[in-house]
file model.pdb (PDB, C-alpha atoms)
ATOM      1  CA  MET A  25       5.776 -18.692  -0.390
ATOM      2  CA  GLU A  26       2.105 -17.847  -0.120
ATOM      3  CA  GLN A  27       1.091 -14.345  -1.183
ATOM      4  CA  THR A  28      -0.496 -12.110   1.446
ATOM      5  CA  ARG A  29      -3.955 -11.192   0.243
ATOM      6  CA  VAL A  30      -5.236  -7.718   0.986
ATOM      7  CA  PRO A  31      -8.999  -7.122   0.760
ATOM      8  CA  GLY A  32      -9.868  -5.040  -2.280
ATOM      9  CA  SER A  33      -6.560  -5.735  -4.023
ATOM     10  CA  GLU A  34      -7.609  -8.698  -6.150
ATOM     11  CA  LEU A  35      -9.211  -8.843  -9.582
ATOM     12  CA  SER A  36     -11.109 -11.686 -11.166
ATOM     13  CA  LEU A  37     -10.059 -12.665 -14.666
ATOM     14  CA  LEU A  38     -13.262 -11.117 -15.970
ATOM     15  CA  ASP A  39     -12.512  -7.836 -14.210
ATOM     16  CA  ALA A  40      -8.984  -7.868 -15.618
ATOM     17  CA  LEU A  41     -10.352  -8.364 -19.131
ATOM     18  CA  VAL A  42     -12.882  -5.565 -18.666
ATOM     19  CA  VAL A  43     -10.240  -3.124 -17.408
ATOM     20  CA  SER A  44      -7.882  -4.137 -20.219
ATOM     21  CA  THR A  45     -10.614  -3.519 -22.760
ATOM     22  CA  ILE A  46     -11.571  -0.148 -21.291
ATOM     23  CA  CYS A  47      -8.000   1.128 -21.053
ATOM     24  CA  PHE A  48      -6.284  -0.514 -23.994
ATOM     25  CA  GLY A  49      -8.932  -1.964 -26.309
ATOM     26  CA  LEU A  50      -8.941   1.085 -28.598
ATOM     27  CA  PHE A  51      -5.146   1.127 -28.800
ATOM     28  CA  ILE A  52      -4.999  -2.613 -29.488
ATOM     29  CA  ALA A  53      -7.493  -2.199 -32.328
ATOM     30  CA  THR A  54      -5.612   0.713 -33.937
ATOM     31  CA  SER A  55      -2.338  -1.143 -33.458
ATOM     32  CA  PHE A  56      -3.698  -4.175 -35.289
ATOM     33  CA  GLN A  57      -4.907  -1.858 -38.063
ATOM     34  CA  ALA A  58      -1.322  -0.664 -38.435
ATOM     35  CA  VAL A  59      -0.140  -4.264 -38.694
ATOM     36  CA  VAL A  60      -2.645  -4.945 -41.465
ATOM     37  CA  GLY A  61      -1.618  -1.676 -43.119
ATOM     38  CA  GLY A  62       2.028  -2.720 -43.307
ATOM     39  CA  TYR A  63       3.403  -0.829 -40.294
ATOM     40  CA  PRO A  64       3.154   2.796 -41.453
ATOM     41  CA  ASP A  65       5.468   5.355 -39.848
ATOM     42  CA  ALA A  66       4.181   6.845 -36.613
ATOM     43  CA  GLU A  67       3.812  10.622 -36.791
ATOM     44  CA  PHE A  68       3.189  12.771 -33.714
ATOM     45  CA  SER A  69       2.057  16.371 -33.521
ATOM     46  CA  ASP A  70       0.806  18.797 -30.894
ATOM     47  CA  ALA A  71      -2.743  17.898 -31.921
ATOM     48  CA  SER A  72      -2.160  14.142 -31.633
ATOM     49  CA  ASN A  73      -0.501  14.598 -28.244
ATOM     50  CA  VAL A  74      -3.427  16.650 -26.937
ATOM     51  CA  TYR A  75      -5.827  14.024 -28.298
ATOM     52  CA  GLY A  76      -3.797  11.312 -26.564
ATOM     53  CA  ILE A  77      -3.952  13.161 -23.258
ATOM     54  CA  LEU A  78      -7.702  13.639 -23.543
ATOM     55  CA  ILE A  79      -8.519  10.085 -24.598
ATOM     56  CA  GLU A  80      -6.329   8.520 -21.902
ATOM     57  CA  SER A  81      -7.879  10.802 -19.273
ATOM     58  CA  VAL A  82     -11.381   9.734 -20.299
ATOM     59  CA  LEU A  83     -10.445   6.042 -20.397
ATOM     60  CA  ALA A  84      -8.759   6.313 -17.007
ATOM     61  CA  LEU A  85     -11.880   7.860 -15.495
ATOM     62  CA  CYS A  86     -14.077   5.094 -16.937
ATOM     63  CA  ALA A  87     -11.737   2.386 -15.652
ATOM     64  CA  LEU A  88     -11.514   3.946 -12.187
ATOM     65  CA  LEU A  89     -15.289   4.190 -11.955
ATOM     66  CA  TYR A  90     -15.570   0.506 -12.877
ATOM     67  CA  LEU A  91     -12.908  -0.477 -10.337
ATOM     68  CA  HIS A  92     -14.600   1.604  -7.648
ATOM     69  CA  ALA A  93     -17.874  -0.162  -8.370
ATOM     70  CA  ARG A  94     -16.049  -3.484  -8.040
ATOM     71  CA  ARG A  95     -14.656  -2.349  -4.639
ATOM     72  CA  PHE A  96     -11.067  -2.500  -5.873
ATOM     73  CA  ASP A  97      -8.711  -0.532  -3.604
ATOM     74  CA  LEU A  98      -7.710   2.554  -5.593
ATOM     75  CA  ARG A  99      -5.435   4.149  -2.962
ATOM     76  CA  PRO A 100      -2.210   2.374  -4.064
ATOM     77  CA  LEU A 101      -2.674   3.712  -7.609
ATOM     78  CA  TYR A 102      -1.331   7.142  -6.675
ATOM     79  CA  PRO A 103       2.387   7.061  -7.679
ATOM     80  CA  HIS A 104       3.613   9.305  -4.767
ATOM     81  CA  PRO A 105       6.370  11.255  -6.597
ATOM     82  CA  HIS A 106       9.620  11.775  -4.662
ATOM     83  CA  LEU A 107      13.292  12.254  -5.503
ATOM     84  CA  SER A 108      14.599   8.859  -4.411
ATOM     85  CA  GLY A 109      11.914   7.152  -6.482
ATOM     86  CA  ALA A 110      12.830   9.300  -9.478
ATOM     87  CA  LEU A 111      16.469   8.244  -9.119
ATOM     88  CA  GLN A 112      15.322   4.623  -9.010
ATOM     89  CA  GLY A 113      13.302   5.367 -12.127
ATOM     90  CA  VAL A 114      16.443   6.574 -13.897
ATOM     91  CA  ALA A 115      18.211   3.317 -12.990
ATOM     92  CA  ILE A 116      15.208   1.274 -14.153
ATOM     93  CA  TYR A 117      15.119   3.214 -17.420
ATOM     94  CA  VAL A 118      18.815   2.571 -18.071
ATOM     95  CA  ALA A 119      18.438  -1.144 -17.280
ATOM     96  CA  ALA A 120      15.371  -1.397 -19.524
ATOM     97  CA  VAL A 121      17.118   0.362 -22.416
ATOM     98  CA  VAL A 122      20.136  -1.923 -22.081
ATOM     99  CA  LEU A 123      17.966  -5.053 -22.109
ATOM    100  CA  ALA A 124      15.991  -3.733 -25.098
ATOM    101  CA  TRP A 125      19.285  -3.088 -26.911
ATOM    102  CA  VAL A 126      20.532  -6.596 -26.139
ATOM    103  CA  VAL A 127      17.418  -8.358 -27.435
ATOM    104  CA  THR A 128      17.272  -6.273 -30.632
ATOM    105  CA  THR A 129      20.995  -6.554 -31.456
ATOM    106  CA  PRO A 130      20.517  -9.780 -33.471
ATOM    107  CA  PHE A 131      18.217  -7.843 -35.824
ATOM    108  CA  VAL A 132      20.705  -5.057 -36.609
ATOM    109  CA  ALA A 133      21.388  -4.821 -40.344
ATOM    110  CA  ASP A 134      24.861  -4.570 -41.876
ATOM    111  CA  ASP A 135      24.525  -0.780 -42.123
ATOM    112  CA  GLY A 136      23.762  -0.545 -38.394
ATOM    113  CA  SER A 137      20.046   0.138 -38.790
ATOM    114  CA  VAL A 138      17.321  -1.710 -36.908
ATOM    115  CA  PRO A 139      14.109  -2.650 -38.767
ATOM    116  CA  ILE A 140      11.593  -0.824 -36.581
ATOM    117  CA  VAL A 141       8.813   1.607 -37.387
ATOM    118  CA  ALA A 142      10.061   5.175 -37.808
ATOM    119  CA  PHE A 143       8.744   7.822 -35.412
ATOM    120  CA  SER A 144       8.374  11.441 -36.458
ATOM    121  CA  PHE A 145       7.990  14.279 -33.949
ATOM    122  CA  GLU A 146       8.540  17.163 -36.370
ATOM    123  CA  GLY A 147       5.036  18.489 -35.748
ATOM    124  CA  ALA A 148       5.242  18.207 -31.951
ATOM    125  CA  SER A 149       6.669  20.791 -29.577
ATOM    126  CA  LEU A 150       8.785  19.662 -26.649
ATOM    127  CA  ALA A 151       6.115  20.958 -24.265
ATOM    128  CA  SER A 152       3.425  18.722 -25.762
ATOM    129  CA  VAL A 153       5.819  15.759 -25.853
ATOM    130  CA  VAL A 154       6.595  16.178 -22.147
ATOM    131  CA  ALA A 155       2.933  16.678 -21.236
ATOM    132  CA  PHE A 156       1.882  13.576 -23.165
ATOM    133  CA  ALA A 157       4.769  11.549 -21.714
ATOM    134  CA  MET A 158       3.693  12.419 -18.177
ATOM    135  CA  VAL A 159       0.088  11.411 -18.809
ATOM    136  CA  ASN A 160       0.898   8.367 -20.938
ATOM    137  CA  GLY A 161       3.577   7.004 -18.610
ATOM    138  CA  THR A 162       1.266   7.349 -15.629
ATOM    139  CA  PHE A 163      -1.759   5.932 -17.445
ATOM    140  CA  GLU A 164       0.001   2.852 -18.767
ATOM    141  CA  GLU A 165       1.885   1.858 -15.633
ATOM    142  CA  VAL A 166      -0.976   2.595 -13.234
ATOM    143  CA  PHE A 167      -3.298   0.272 -15.126
ATOM    144  CA  LEU A 168      -0.795  -2.297 -16.413
ATOM    145  CA  LEU A 169       1.023  -2.705 -13.098
ATOM    146  CA  GLY A 170      -0.946  -0.933 -10.377
ATOM    147  CA  VAL A 171      -4.190  -2.580 -11.449
ATOM    148  CA  LEU A 172      -3.575  -5.655 -13.613
ATOM    149  CA  ALA A 173      -0.306  -6.960 -12.175
ATOM    150  CA  ARG A 174      -1.287  -6.142  -8.584
ATOM    151  CA  GLY A 175      -4.848  -7.339  -8.998
ATOM    152  CA  LEU A 176      -3.868 -10.695 -10.492
ATOM    153  CA  LYS A 177      -1.189 -11.615  -7.943
ATOM    154  CA  GLY A 178      -3.620 -14.083  -6.411
ATOM    155  CA  HIS A 179      -3.226 -16.161  -9.582
ATOM    156  CA  GLY A 180       0.556 -16.238  -9.149
ATOM    157  CA  LEU A 181       3.273 -13.714  -9.918
ATOM    158  CA  LEU A 182       4.126 -15.293 -13.264
ATOM    159  CA  PHE A 183       0.524 -15.091 -14.424
ATOM    160  CA  ALA A 184       0.106 -11.539 -13.119
ATOM    161  CA  GLY A 185       3.272 -10.324 -14.812
ATOM    162  CA  GLY A 186       2.593 -12.308 -17.976
ATOM    163  CA  PHE A 187      -0.938 -10.963 -18.361
ATOM    164  CA  SER A 188       0.284  -7.384 -17.954
ATOM    165  CA  LEU A 189       3.102  -7.928 -20.449
ATOM    166  CA  LEU A 190       0.727  -9.496 -22.965
ATOM    167  CA  VAL A 191      -1.564  -6.470 -22.875
ATOM    168  CA  ARG A 192       1.463  -4.156 -23.194
ATOM    169  CA  LEU A 193       2.671  -6.134 -26.202
ATOM    170  CA  LEU A 194      -0.720  -6.188 -27.937
ATOM    171  CA  TYR A 195      -1.090  -2.426 -28.154
ATOM    172  CA  HIS A 196       2.508  -1.936 -29.291
ATOM    173  CA  THR A 197       2.361  -4.291 -32.274
ATOM    174  CA  TYR A 198       2.161  -1.223 -34.544
ATOM    175  CA  GLN A 199       5.902  -0.800 -33.962
ATOM    176  CA  GLY A 200       6.654  -3.956 -35.944
ATOM    177  CA  PRO A 201       8.071  -7.276 -34.711
ATOM    178  CA  VAL A 202      11.439  -5.886 -33.624
ATOM    179  CA  GLY A 203       9.861  -2.843 -32.010
ATOM    180  CA  ALA A 204       7.443  -5.089 -30.144
ATOM    181  CA  VAL A 205      10.348  -7.200 -28.851
ATOM    182  CA  SER A 206      12.032  -4.021 -27.631
ATOM    183  CA  VAL A 207       8.832  -2.900 -25.869
ATOM    184  CA  LEU A 208       8.471  -6.324 -24.286
ATOM    185  CA  ALA A 209      12.029  -6.197 -22.926
ATOM    186  CA  PHE A 210      11.497  -2.668 -21.617
ATOM    187  CA  GLY A 211       8.215  -3.654 -19.989
ATOM    188  CA  LEU A 212       9.750  -6.771 -18.440
ATOM    189  CA  VAL A 213      12.221  -4.707 -16.433
ATOM    190  CA  LEU A 214       9.471  -2.404 -15.166
ATOM    191  CA  THR A 215       7.188  -5.337 -14.358
ATOM    192  CA  VAL A 216       9.818  -7.276 -12.406
ATOM    193  CA  PHE A 217      10.712  -4.191 -10.361
ATOM    194  CA  TYR A 218       7.076  -3.486  -9.529
ATOM    195  CA  LEU A 219       6.229  -7.063  -8.607
ATOM    196  CA  ARG A 220       9.261  -7.254  -6.318
ATOM    197  CA  THR A 221       8.781  -3.882  -4.613
ATOM    198  CA  GLY A 222       5.169  -2.783  -5.114
ATOM    199  CA  ARG A 223       6.463   0.759  -5.768
ATOM    200  CA  LEU A 224       4.695   2.500  -8.623
ATOM    201  CA  TRP A 225       6.394   5.897  -8.893
ATOM    202  CA  PRO A 226       9.817   4.598 -10.050
ATOM    203  CA  VAL A 227       8.307   2.644 -12.958
ATOM    204  CA  VAL A 228       6.074   5.562 -13.906
ATOM    205  CA  PHE A 229       9.111   7.852 -13.981
ATOM    206  CA  ALA A 230      11.091   5.303 -16.010
ATOM    207  CA  HIS A 231       8.270   5.163 -18.559
ATOM    208  CA  ILE A 232       8.091   8.966 -18.735
ATOM    209  CA  LEU A 233      11.816   9.033 -19.476
ATOM    210  CA  GLY A 234      11.273   6.374 -22.121
ATOM    211  CA  ASP A 235       8.819   8.664 -23.887
ATOM    212  CA  ILE A 236      10.934  11.824 -23.603
ATOM    213  CA  VAL A 237      14.606  10.879 -23.923
ATOM    214  CA  PRO A 238      14.438   9.374 -27.450
ATOM    215  CA  VAL A 239      12.672  12.519 -28.693
ATOM    216  CA  VAL A 240      15.188  14.906 -27.119
ATOM    217  CA  PHE A 241      18.158  12.974 -28.443
ATOM    218  CA  GLY A 242      16.574  12.230 -31.808
ATOM    219  CA  GLU A 243      16.688   8.467 -31.456
ATOM    220  CA  SER A 244      13.080   7.835 -32.484
TER     221      SER A 244
END

call {"tool": "encode", "arguments": {"input": "model.pdb", "output": "structure tokens"}}
result
Amino acid sequence: MEQTRVPGSELSLLDALVVSTICFGLFIATSFQAVVGGYPDAEFSDASNVYGILIESVLALCALLYLHARRFDLRPLYPHPHLSGALQGVAIYVAAVVLAWVVTTPFVADDGSVPIVAFSFEGASLASVVAFAMVNGTFEEVFLLGVLARGLKGHGLLFAGGFSLLVRLLYHTYQGPVGAVSVLAFGLVLTVFYLRTGRLWPVVFAHILGDIVPVVFGES
């Protein structure tokens, strides 16, 4: 079935690459450095969370200015928070966690451990974790799905979703091969939901939960 094309909702491949570079180029580079460095443990603190909030805010502003100059419709990028969407986000989060568990089960060692990069939040308060999760979840899904996946629909849904997932995977390689597979599975659920519904808030909320719940329950 032919996709309905809305003026201002499409991106060229060049625009998609530019936005990807603006928003995620720095994170892809640091992620690749971690790969070369042998996947060091990821440590988070109040300072690193504040830095993350600031850097993502600056990158978001730069990307939005570029998209505005390219006459890309920015109105659908506002997630429109509401309770029913949050409940959908909870369901999406659960489905994504289950799929991530399924795809990583073959890598579970005899002692029950999974070979993924260890995360440490000992130096981070819950307040800074929640604040960063809210900014990070919004930043990633707005640009991965609201911009890239939506903007590339004219090239086909598979290409649009695949491009978004590839970018998501590239800046999560620091988590190691198994961690990257888990991220890919998690992102696949969010991407499929967004491409089918066009609703951004539920996937943003699911991502926020994905950043908070493991910290609260000590699973990271």

call {"tool": "closest_atom_pairs", "arguments": {"input": "model.pdb", "of": "range 216-235 of chain A", "to": "range 180-203 of chain A", "cutoff": "12 Å", "atoms": "all atoms listed in the file", "output": "JSON lines"}}
result
{"residue": "A:Val216", "atom": "CA", "partner": "A:Gly185", "partner_atom": "CA", "distance": 7.6}
{"residue": "A:Phe217", "atom": "CA", "partner": "A:Gly185", "partner_atom": "CA", "distance": 10.6}
{"residue": "A:Tyr218", "atom": "CA", "partner": "A:Gly185", "partner_atom": "CA", "distance": 9.4}
{"residue": "A:Leu219", "atom": "CA", "partner": "A:Leu181", "partner_atom": "CA", "distance": 7.4}
{"residue": "A:Arg220", "atom": "CA", "partner": "A:Leu181", "partner_atom": "CA", "distance": 9.5}

call {"tool": "atom_distance", "arguments": {"input": "model.pdb", "atom1": "CA of Leu224 in chain A", "atom2": "CA of Gly170 in chain A"}}
result
6.8 Å

call {"tool": "closest_residue", "arguments": {"input": "model.pdb", "among": "A:Val239, A:Ala66, A:Val82, A:Ile77", "to": "Phe143 in chain A", "atoms": "only C-alpha atoms"}}
result
A:Ala66

call {"tool": "closest_residue", "arguments": {"input": "model.pdb", "among": "A:Ala124, A:Leu150, A:Ala204, A:Val114", "to": "Leu233 in chain A", "atoms": "only C-alpha atoms"}}
result
A:Val114

call {"tool": "atom_distance", "arguments": {"input": "model.pdb", "atom1": "CA of Val227 in chain A", "atom2": "CA of Ala53 in chain A"}}
result
25.5 Å

call {"tool": "resolve_selection", "arguments": {"input": "model.pdb", "expression": "the PyMOL selection byres ((chain A and resi 84-101) around 10)", "output": "ChimeraX atom specification"}}
result
/A:30-35,39-40,42-47,78-83,102-104,162-167,169-171,174-175,222-225

call {"tool": "write_last_selection", "arguments": {"input": "model.pdb", "atoms": "C-alpha atoms", "output": "PDB file, keeping the file's coordinate frame"}}
result
ATOM      1  CA  VAL A  30      -5.236  -7.718   0.986  1.00  0.00           C
ATOM      2  CA  PRO A  31      -8.999  -7.122   0.760  1.00  0.00           C
ATOM      3  CA  GLY A  32      -9.868  -5.040  -2.280  1.00  0.00           C
ATOM      4  CA  SER A  33      -6.560  -5.735  -4.023  1.00  0.00           C
ATOM      5  CA  GLU A  34      -7.609  -8.698  -6.150  1.00  0.00           C
ATOM      6  CA  LEU A  35      -9.211  -8.843  -9.582  1.00  0.00           C
ATOM      7  CA  ASP A  39     -12.512  -7.836 -14.210  1.00  0.00           C
ATOM      8  CA  ALA A  40      -8.984  -7.868 -15.618  1.00  0.00           C
ATOM      9  CA  VAL A  42     -12.882  -5.565 -18.666  1.00  0.00           C
ATOM     10  CA  VAL A  43     -10.240  -3.124 -17.408  1.00  0.00           C
ATOM     11  CA  SER A  44      -7.882  -4.137 -20.219  1.00  0.00           C
ATOM     12  CA  THR A  45     -10.614  -3.519 -22.760  1.00  0.00           C
ATOM     13  CA  ILE A  46     -11.571  -0.148 -21.291  1.00  0.00           C
ATOM     14  CA  CYS A  47      -8.000   1.128 -21.053  1.00  0.00           C
ATOM     15  CA  LEU A  78      -7.702  13.639 -23.543  1.00  0.00           C
ATOM     16  CA  ILE A  79      -8.519  10.085 -24.598  1.00  0.00           C
ATOM     17  CA  GLU A  80      -6.329   8.520 -21.902  1.00  0.00           C
ATOM     18  CA  SER A  81      -7.879  10.802 -19.273  1.00  0.00           C
ATOM     19  CA  VAL A  82     -11.381   9.734 -20.299  1.00  0.00           C
ATOM     20  CA  LEU A  83     -10.445   6.042 -20.397  1.00  0.00           C
ATOM     21  CA  TYR A 102      -1.331   7.142  -6.675  1.00  0.00           C
ATOM     22  CA  PRO A 103       2.387   7.061  -7.679  1.00  0.00           C
ATOM     23  CA  HIS A 104       3.613   9.305  -4.767  1.00  0.00           C
ATOM     24  CA  THR A 162       1.266   7.349 -15.629  1.00  0.00           C
ATOM     25  CA  PHE A 163      -1.759   5.932 -17.445  1.00  0.00           C
ATOM     26  CA  GLU A 164       0.001   2.852 -18.767  1.00  0.00           C
ATOM     27  CA  GLU A 165       1.885   1.858 -15.633  1.00  0.00           C
ATOM     28  CA  VAL A 166      -0.976   2.595 -13.234  1.00  0.00           C
ATOM     29  CA  PHE A 167      -3.298   0.272 -15.126  1.00  0.00           C
ATOM     30  CA  LEU A 169       1.023  -2.705 -13.098  1.00  0.00           C
ATOM     31  CA  GLY A 170      -0.946  -0.933 -10.377  1.00  0.00           C
ATOM     32  CA  VAL A 171      -4.190  -2.580 -11.449  1.00  0.00           C
ATOM     33  CA  ARG A 174      -1.287  -6.142  -8.584  1.00  0.00           C
ATOM     34  CA  GLY A 175      -4.848  -7.339  -8.998  1.00  0.00           C
ATOM     35  CA  GLY A 222       5.169  -2.783  -5.114  1.00  0.00           C
ATOM     36  CA  ARG A 223       6.463   0.759  -5.768  1.00  0.00           C
ATOM     37  CA  LEU A 224       4.695   2.500  -8.623  1.00  0.00           C
ATOM     38  CA  TRP A 225       6.394   5.897  -8.893  1.00  0.00           C
TER      39      TRP A 225
END

call {"tool": "atom_distance", "arguments": {"input": "model.pdb", "atom1": "CA of Ser206 in chain A", "atom2": "CA of Val154 in chain A"}}
result
21.6 Å

call {"tool": "closest_residue", "arguments": {"input": "model.pdb", "among": "A:Leu107, A:Ala120, A:Ala142, A:Val205", "to": "Glu67 in chain A", "atoms": "all atoms listed in the file"}}
result
A:Ala142

call {"tool": "axis_aligned_box", "arguments": {"input": "model.pdb", "around": "range 194-203 of chain A", "padding_each_side": "4 Å", "output": "lines of an AutoDock Vina configuration file"}}
result
center_x = 5.2
center_y = -4.0
center_z = -31.9
size_x = 20.5
size_y = 14.5
size_z = 16.0

call {"tool": "resolve_selection", "arguments": {"input": "model.pdb", "expression": "the PyMOL selection byres ((chain A and resi 113) around 8)", "output": "mmCIF file with C-alpha atoms, in the coordinates of the input"}}
result
data_model
loop_
_atom_site.group_PDB
_atom_site.id
_atom_site.type_symbol
_atom_site.label_atom_id
_atom_site.label_comp_id
_atom_site.auth_asym_id
_atom_site.auth_seq_id
_atom_site.Cartn_x
_atom_site.Cartn_y
_atom_site.Cartn_z
ATOM 1 C CA GLY A 109 11.914 7.152 -6.482
ATOM 2 C CA ALA A 110 12.830 9.300 -9.478
ATOM 3 C CA LEU A 111 16.469 8.244 -9.119
ATOM 4 C CA GLN A 112 15.322 4.623 -9.010
ATOM 5 C CA VAL A 114 16.443 6.574 -13.897
ATOM 6 C CA ALA A 115 18.211 3.317 -12.990
ATOM 7 C CA ILE A 116 15.208 1.274 -14.153
ATOM 8 C CA TYR A 117 15.119 3.214 -17.420
ATOM 9 C CA TRP A 225 6.394 5.897 -8.893
ATOM 10 C CA PRO A 226 9.817 4.598 -10.050
ATOM 11 C CA VAL A 227 8.307 2.644 -12.958
ATOM 12 C CA VAL A 228 6.074 5.562 -13.906
ATOM 13 C CA PHE A 229 9.111 7.852 -13.981
ATOM 14 C CA ALA A 230 11.091 5.303 -16.010
#

call {"tool": "closest_residue", "arguments": {"input": "model.pdb", "among": "A:Thr129, A:Asn73, A:Ala173, A:Phe210", "to": "Val159 in chain A", "atoms": "only C-alpha atoms"}}
result
A:Asn73

call {"tool": "resolve_selection", "arguments": {"input": "model.pdb", "expression": "the PyMOL selection byres ((chain A and resi 71) around 12)", "output": "list in words"}}
result
Glu67, Phe68, Ser69, Asp70, Ser72, Asn73, Val74, Tyr75, Gly76, Ile77, Leu78, Phe145, Gly147, Ala148, Ser149, Ser152, Val153 and Phe156 of chain A

call {"tool": "write_last_selection", "arguments": {"input": "model.pdb", "atoms": "C-alpha atoms", "output": "short mmCIF file (atom, residue, chain, number, x, y, z; two decimals), in the coordinates of the input"}}
result
data_model
loop_
_atom_site.label_atom_id
_atom_site.label_comp_id
_atom_site.auth_asym_id
_atom_site.auth_seq_id
_atom_site.Cartn_x
_atom_site.Cartn_y
_atom_site.Cartn_z
CA GLU A 67 3.81 10.62 -36.79
CA PHE A 68 3.19 12.77 -33.71
CA SER A 69 2.06 16.37 -33.52
CA ASP A 70 0.81 18.80 -30.89
CA SER A 72 -2.16 14.14 -31.63
CA ASN A 73 -0.50 14.60 -28.24
CA VAL A 74 -3.43 16.65 -26.94
CA TYR A 75 -5.83 14.02 -28.30
CA GLY A 76 -3.80 11.31 -26.56
CA ILE A 77 -3.95 13.16 -23.26
CA LEU A 78 -7.70 13.64 -23.54
CA PHE A 145 7.99 14.28 -33.95
CA GLY A 147 5.04 18.49 -35.75
CA ALA A 148 5.24 18.21 -31.95
CA SER A 149 6.67 20.79 -29.58
CA SER A 152 3.42 18.72 -25.76
CA VAL A 153 5.82 15.76 -25.85
CA PHE A 156 1.88 13.58 -23.16
#

call {"tool": "closest_residue", "arguments": {"input": "model.pdb", "among": "A:Leu50, A:Val141, A:Ala157, A:Val132", "to": "Val237 in chain A", "atoms": "all atoms listed in the file"}}
result
A:Ala157

call {"tool": "build_atoms", "arguments": {"input": "model.pdb", "residues": "range 106-111 of chain A", "atoms": "all heavy atoms", "output": "PDB file, in the frame of the given file"}}
result
ATOM      1  N   HIS A 106       8.588  11.308  -5.576  1.00  0.00           N
ATOM      2  CA  HIS A 106       9.620  11.775  -4.662  1.00  0.00           C
ATOM      3  C   HIS A 106      10.969  11.543  -5.328  1.00  0.00           C
ATOM      4  O   HIS A 106      11.091  10.759  -6.279  1.00  0.00           O
ATOM      5  CB  HIS A 106       9.545  11.062  -3.309  1.00  0.00           C
ATOM      6  CG  HIS A 106       9.513   9.571  -3.394  1.00  0.00           C
ATOM      7  ND1 HIS A 106      10.634   8.788  -3.458  1.00  0.00           N
ATOM      8  CD2 HIS A 106       8.461   8.705  -3.445  1.00  0.00           C
ATOM      9  CE1 HIS A 106      10.290   7.509  -3.532  1.00  0.00           C
ATOM     10  NE2 HIS A 106       8.982   7.436  -3.529  1.00  0.00           N
ATOM     11  N   LEU A 107      11.992  12.246  -4.834  1.00  0.00           N
ATOM     12  CA  LEU A 107      13.292  12.254  -5.503  1.00  0.00           C
ATOM     13  C   LEU A 107      13.940  10.882  -5.545  1.00  0.00           C
ATOM     14  O   LEU A 107      14.458  10.469  -6.584  1.00  0.00           O
ATOM     15  CB  LEU A 107      14.226  13.251  -4.802  1.00  0.00           C
ATOM     16  CG  LEU A 107      15.640  13.358  -5.392  1.00  0.00           C
ATOM     17  CD1 LEU A 107      15.582  13.765  -6.856  1.00  0.00           C
ATOM     18  CD2 LEU A 107      16.479  14.343  -4.584  1.00  0.00           C
ATOM     19  N   SER A 108      13.936  10.167  -4.427  1.00  0.00           N
ATOM     20  CA  SER A 108      14.599   8.859  -4.411  1.00  0.00           C
ATOM     21  C   SER A 108      13.945   7.901  -5.405  1.00  0.00           C
ATOM     22  O   SER A 108      14.623   7.115  -6.076  1.00  0.00           O
ATOM     23  CB  SER A 108      14.573   8.260  -3.004  1.00  0.00           C
ATOM     24  OG  SER A 108      13.238   8.049  -2.567  1.00  0.00           O
ATOM     25  N   GLY A 109      12.614   7.989  -5.519  1.00  0.00           N
ATOM     26  CA  GLY A 109      11.914   7.152  -6.482  1.00  0.00           C
ATOM     27  C   GLY A 109      12.254   7.539  -7.905  1.00  0.00           C
ATOM     28  O   GLY A 109      12.348   6.681  -8.796  1.00  0.00           O
ATOM     29  N   ALA A 110      12.441   8.843  -8.138  1.00  0.00           N
ATOM     30  CA  ALA A 110      12.830   9.300  -9.478  1.00  0.00           C
ATOM     31  C   ALA A 110      14.219   8.772  -9.842  1.00  0.00           C
ATOM     32  O   ALA A 110      14.454   8.362 -10.983  1.00  0.00           O
ATOM     33  CB  ALA A 110      12.810  10.827  -9.532  1.00  0.00           C
ATOM     34  N   LEU A 111      15.132   8.779  -8.868  1.00  0.00           N
ATOM     35  CA  LEU A 111      16.469   8.244  -9.119  1.00  0.00           C
ATOM     36  C   LEU A 111      16.403   6.743  -9.418  1.00  0.00           C
ATOM     37  O   LEU A 111      17.126   6.235 -10.280  1.00  0.00           O
ATOM     38  CB  LEU A 111      17.373   8.504  -7.913  1.00  0.00           C
ATOM     39  CG  LEU A 111      17.682   9.984  -7.636  1.00  0.00           C
ATOM     40  CD1 LEU A 111      18.507  10.122  -6.362  1.00  0.00           C
ATOM     41  CD2 LEU A 111      18.407  10.606  -8.823  1.00  0.00           C
TER      42      LEU A 111
END
